[in-house]
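Only one structure is covered here, and it is reproduced in the block below.
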Amino acid sequence: MWQYIAKRILHLIPLLFGVSLLTYMLMWMTPGSFYDNLKQNPQISPEKIKELEAKRHINEPFYVAYSYWLLNAVKGDLGYSLAYKMDASKLISTRLLNTFLLSFFATVLAWAIAIPMGIVAAVHKDSIADRALSSVAFMGLSIPEVLLALLALMLAASTGWFPVGGSQSPMYDLMEPGEKFWNRVHHLILPTLVLAASSLAGIMRYMRSNLLDTLRAEFVTTARAKGMAEGWVIYKHALRNAINPLLTIFGYSLAGLLSGAFIVENVMAWPGLGRLTIEAITSKDYELVVATVVMATALLVIGNFIADLLLAWSDPRIRLK
């Protein structure tokens with residue numbers, strides 16, 4: 001186990017290096033920079049702008065500027081946000097927590113609803129329940145996340161049941177601890193529902209398909225021939241084998257959730273890593289863009305790593321080597 005963990009960590013290093021290099025190069029190739037807007041300000045002298053550009057190595061070759069950033073990143077310094085005027089690490093840490101909470105609760109909600117739906121649809125194949133659940137799944141697959149987020153905002157604005165954007169109320173700092181908790185939960189409900197709905201349909205279809213294939217397997221037929229109760233055959237034998245492929249796609253579902261979180265955060269004004277990345281790209285905040293992309297990549301790799309461990313835990317036939 002420890003050797004496997006060490007190997008995965010070692011694999012993470014060249015991956016993060018390649019992602020940071022590619023992202024930095026793409027941002028460097030885009031026309032303009034953050035200082036172009038400052039040049040339009042008559043209160044800032046050209047000499048001051050040149051001094052700031054020299055400090056961030058803007059006018060030097062790409063590989064020189066990236067080398068400076070990489071050396072600082074190895075020391076734990078992911079750069080400086082020019083737009084927010086603070087260290088990128090501190091800025092990301094606050095936004096990363098919001099993205100993690102949103103993705104975590106959306107994952108839990110999606111899987112907690114999709115797995116039972118898939119089981120019911122498979123066990124009662126071609127019944128009214130199966131067709132109804134399949135229709136719900138197809139609706140979830142056909143509605144884009146952007147449209148679903150906009151509809152959720154319309155619901156919040158017209159009914160007042162949920163806040164319209166943000167992760168907390170303006171008076172959050174003056175609230176009691178219990179009030180702060182419920183205020184954060186209230187702001188989290190609608191984005192979580194939107195993000196979970198985007199992946200729920202796919203997971204439910206996977207569960208239904210895998211369980212149907214397993215129920216037709218020979219070992220299930222043998223278990224029924226021995227006189228075992230149908231519920232015991234389904235939930236003890238068939239379900240255990242049908243859920244293994246779902247654990248394999250767990251890591252990929254996290255990738256989809258993270259990309260979906262970028263959309264949901266920007267549409268619903270949720271202050272997470274995705275919204276921060278878009279703001280950094282818009283303002284040409286190079287070092288902040290690279291830092292956010294590297295952190296998002298690390299989250300995806302960690303999610304896939306957790307999926308591999310869950311698969312090995314669920315199926316004794318799987319060996320980590």
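Following the order of the structure tokens, chains are lettered A, B, ..., residues in each are numbered from 1, and ligands are numbered from 1.
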Write out as a PDB file with N, CA and C atoms, in the first residue's frame the residues lying within 7 Å of segment 77-87 of chain A, counting only C-alpha atoms and excluding same-chain residues fewer than 4 positions away.
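Everything below was put into result_25.pdb:
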```pdb
ATOM      1  N   TRP A  69       9.066  31.466 -11.648  1.00  0.00           N
ATOM      2  CA  TRP A  69       7.833  31.005 -11.000  1.00  0.00           C
ATOM      3  C   TRP A  69       7.987  29.594 -10.461  1.00  0.00           C
ATOM      4  N   ASN A  72      10.011  29.397  -7.230  1.00  0.00           N
ATOM      5  CA  ASN A  72       9.202  29.834  -6.080  1.00  0.00           C
ATOM      6  C   ASN A  72       8.128  28.808  -5.727  1.00  0.00           C
ATOM      7  N   ALA A  73       7.546  28.151  -6.760  1.00  0.00           N
ATOM      8  CA  ALA A  73       6.499  27.155  -6.512  1.00  0.00           C
ATOM      9  C   ALA A  73       7.051  25.954  -5.754  1.00  0.00           C
ATOM     10  N   LEU A  91      -5.057  33.329  -1.430  1.00  0.00           N
ATOM     11  CA  LEU A  91      -6.311  33.570  -2.143  1.00  0.00           C
ATOM     12  C   LEU A  91      -6.977  32.257  -2.552  1.00  0.00           C
ATOM     13  N   SER A 283      -8.551  39.105 -16.265  1.00  0.00           N
ATOM     14  CA  SER A 283      -7.667  40.212 -15.877  1.00  0.00           C
ATOM     15  C   SER A 283      -6.211  39.972 -16.249  1.00  0.00           C
ATOM     16  N   ASP A 285      -4.150  37.804 -15.126  1.00  0.00           N
ATOM     17  CA  ASP A 285      -3.366  37.562 -13.905  1.00  0.00           C
ATOM     18  C   ASP A 285      -2.678  36.201 -14.061  1.00  0.00           C
ATOM     19  N   GLU A 287       0.067  34.451 -13.045  1.00  0.00           N
ATOM     20  CA  GLU A 287       0.498  33.553 -11.979  1.00  0.00           C
ATOM     21  C   GLU A 287      -0.695  32.969 -11.219  1.00  0.00           C
ATOM     22  N   LEU A 288      -1.750  33.731 -11.070  1.00  0.00           N
ATOM     23  CA  LEU A 288      -2.943  33.224 -10.405  1.00  0.00           C
ATOM     24  C   LEU A 288      -3.631  32.162 -11.259  1.00  0.00           C
ATOM     25  N   ALA A 291      -1.631  28.956 -10.917  1.00  0.00           N
ATOM     26  CA  ALA A 291      -1.811  28.377  -9.586  1.00  0.00           C
ATOM     27  C   ALA A 291      -3.169  27.689  -9.458  1.00  0.00           C
TER      28      ALA A 291
END
```
- [ ] Enumerate, as JSON, numbers by chain, the complete set of residues in segment 78-254 of chain A that a backbone-based DSSP assignment places in helix (DSSP H, G or I).
- [x] {"A": [88, 89, 90, 91, 92, 93, 94, 95, 96, 97, 98, 99, 100, 101, 102, 103, 104, 105, 106, 107, 108, 109, 110, 111, 112, 113, 114, 115, 116, 117, 118, 119, 120, 121, 122, 123, 128, 129, 130, 131, 132, 133, 134, 135, 136, 137, 138, 139, 140, 141, 142, 145, 146, 147, 148, 149, 150, 151, 152, 153, 154, 155, 156, 157, 158, 159, 172, 173, 174, 177, 178, 179, 180, 181, 182, 183, 184, 185, 186, 187, 188, 189, 190, 191, 192, 193, 194, 195, 196, 197, 198, 199, 200, 201, 202, 203, 204, 205, 206, 207, 208, 209, 210, 211, 212, 213, 214, 215, 218, 219, 220, 221, 222, 223, 224, 225, 230, 231, 232, 233, 234, 235, 236, 237, 238, 239, 240, 241, 242, 244, 245, 246, 247, 248, 250, 251, 252, 253, 254]}
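Excluding Ala112 of chain A itself and same-chain residues fewer than 2 positions from it, the residues having an atom within 12 Å of it are Phe105, Ala106, Thr107, Val108, Leu109, Ala110, Ala114, Ile115, Pro116, Met117, Gly118, Ile119, Ala196, Ala197, Ser199, Leu200, Ile203, Met204 and Met207 of chain A, counting only C-alpha atoms.
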Please list as a PDB file with N, CA and C atoms, in the first residue's frame every residue within 12 Å of Ala129 of chain A, counting only C-alpha atoms and excluding residues in the same chain fewer than 5 positions away.
```
ATOM      1  N   MET A 117     -31.840   4.645  -7.332  1.00  0.00           N
ATOM      2  CA  MET A 117     -32.656   4.743  -8.544  1.00  0.00           C
ATOM      3  C   MET A 117     -32.245   3.685  -9.559  1.00  0.00           C
ATOM      4  N   GLY A 118     -30.959   3.488  -9.739  1.00  0.00           N
ATOM      5  CA  GLY A 118     -30.484   2.483 -10.685  1.00  0.00           C
ATOM      6  C   GLY A 118     -30.853   1.082 -10.269  1.00  0.00           C
ATOM      7  N   ILE A 119     -30.795   0.800  -8.964  1.00  0.00           N
ATOM      8  CA  ILE A 119     -31.165  -0.528  -8.461  1.00  0.00           C
ATOM      9  C   ILE A 119     -32.646  -0.807  -8.701  1.00  0.00           C
ATOM     10  N   VAL A 120     -33.490   0.158  -8.364  1.00  0.00           N
ATOM     11  CA  VAL A 120     -34.932  -0.012  -8.560  1.00  0.00           C
ATOM     12  C   VAL A 120     -35.251  -0.198 -10.041  1.00  0.00           C
ATOM     13  N   ALA A 121     -34.610   0.588 -10.904  1.00  0.00           N
ATOM     14  CA  ALA A 121     -34.876   0.481 -12.340  1.00  0.00           C
ATOM     15  C   ALA A 121     -34.449  -0.872 -12.891  1.00  0.00           C
ATOM     16  N   ALA A 122     -33.324  -1.410 -12.376  1.00  0.00           N
ATOM     17  CA  ALA A 122     -32.844  -2.703 -12.877  1.00  0.00           C
ATOM     18  C   ALA A 122     -33.681  -3.859 -12.349  1.00  0.00           C
ATOM     19  N   VAL A 123     -34.012  -3.819 -11.072  1.00  0.00           N
ATOM     20  CA  VAL A 123     -34.791  -4.915 -10.476  1.00  0.00           C
ATOM     21  C   VAL A 123     -36.190  -4.984 -11.079  1.00  0.00           C
ATOM     22  N   HIS A 124     -36.773  -3.816 -11.372  1.00  0.00           N
ATOM     23  CA  HIS A 124     -38.120  -3.759 -11.957  1.00  0.00           C
ATOM     24  C   HIS A 124     -38.024  -3.350 -13.428  1.00  0.00           C
ATOM     25  N   SER A 134     -36.059   6.222 -15.864  1.00  0.00           N
ATOM     26  CA  SER A 134     -35.277   6.429 -17.088  1.00  0.00           C
ATOM     27  C   SER A 134     -35.609   7.768 -17.734  1.00  0.00           C
ATOM     28  N   SER A 135     -36.871   8.153 -17.679  1.00  0.00           N
ATOM     29  CA  SER A 135     -37.260   9.461 -18.223  1.00  0.00           C
ATOM     30  C   SER A 135     -36.613  10.592 -17.448  1.00  0.00           C
ATOM     31  N   VAL A 136     -36.588  10.452 -16.124  1.00  0.00           N
ATOM     32  CA  VAL A 136     -35.911  11.462 -15.291  1.00  0.00           C
ATOM     33  C   VAL A 136     -34.431  11.537 -15.640  1.00  0.00           C
TER      34      VAL A 136
END
```
TODO: Would you kindly return, as a PyMOL selection string, each protein, DNA or RNA residue with an atom no farther than 7 Å from any atom of Gly274 of chain A, considering only C-alpha atoms and excluding same-chain residues fewer than 4 positions away?
DONE: chain A and resi 261-262+265+278
Task: Surrounding residues of segment 15-23 of chain A excluding itself and chain neighbours under 2 positions, 9 Å, only C-alpha atoms, as a ChimeraX atom specification - done: /A:11-13,25-28,66,70,286,289-291,293-295,297-298
Could you save those same residues with C-alpha atoms as an mmCIF file, in the first residue's frame?
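The resulting file, result_35.cif, is reproduced below:
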```
data_model
loop_
_atom_site.group_PDB
_atom_site.id
_atom_site.type_symbol
_atom_site.label_atom_id
_atom_site.label_comp_id
_atom_site.auth_asym_id
_atom_site.auth_seq_id
_atom_site.Cartn_x
_atom_site.Cartn_y
_atom_site.Cartn_z
ATOM 1 C CA HIS A 11 3.660 10.380 -10.811
ATOM 2 C CA LEU A 12 1.944 13.555 -9.628
ATOM 3 C CA ILE A 13 5.161 15.597 -9.843
ATOM 4 C CA MET A 25 3.004 29.125 -21.961
ATOM 5 C CA LEU A 26 -0.576 29.558 -23.169
ATOM 6 C CA MET A 27 -1.134 32.561 -20.916
ATOM 7 C CA TRP A 28 2.187 34.051 -22.047
ATOM 8 C CA TYR A 66 8.570 30.447 -15.922
ATOM 9 C CA LEU A 70 8.789 27.312 -10.821
ATOM 10 C CA TYR A 286 -0.892 34.960 -15.204
ATOM 11 C CA VAL A 289 -4.249 31.352 -13.476
ATOM 12 C CA VAL A 290 -1.358 28.871 -13.336
ATOM 13 C CA ALA A 291 -1.811 28.377 -9.586
ATOM 14 C CA VAL A 293 -5.122 25.257 -12.758
ATOM 15 C CA VAL A 294 -2.389 23.388 -10.873
ATOM 16 C CA MET A 295 -4.607 23.116 -7.787
ATOM 17 C CA THR A 297 -5.295 19.251 -11.472
ATOM 18 C CA ALA A 298 -4.138 18.114 -8.042
#
```
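Atom CA of Val233 of chain A is positioned 9.1 Å from atom CA of Thr221 of chain A.
Using only C-alpha atoms for every distance, the candidate list A:Lys39, A:Lys180, A:His186, A:Lys284 yields A:His186 as the residue closest to Phe162 of chain A.
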Task: Separation of atom CA of Leu215 of chain A from atom CA of Leu309 of chain A, in Å and rounded to one decimal - done: 25.7 Å
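The two atoms in question, atom CA of Leu273 of chain A and atom CA of Ala88 of chain A, are spaced 11.6 Å apart.
Residue nearest Thr192 of chain A within the list A:Ser209, A:Ser103, A:Ser93, A:Ser142: A:Ser103 [criterion: smallest interatomic distance, only C-alpha atoms].
Of the residues in segment 40-238 of chain A, those given strand (DSSP E) by DSSP on the backbone are Tyr80, Ser81, Met86 and Asp87 of chain A.
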With C-alpha atoms retained, write the just-selected residues as an mmCIF file, in the first residue's frame.
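Printed below is out_12.cif as written:
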```cif
data_model
loop_
_atom_site.group_PDB
_atom_site.id
_atom_site.type_symbol
_atom_site.label_atom_id
_atom_site.label_comp_id
_atom_site.auth_asym_id
_atom_site.auth_seq_id
_atom_site.Cartn_x
_atom_site.Cartn_y
_atom_site.Cartn_z
ATOM 1 C CA TYR A 80 1.358 36.820 -6.508
ATOM 2 C CA SER A 81 -2.064 37.929 -7.671
ATOM 3 C CA MET A 86 -2.141 39.239 -2.338
ATOM 4 C CA ASP A 87 -0.341 35.900 -2.445
#
```
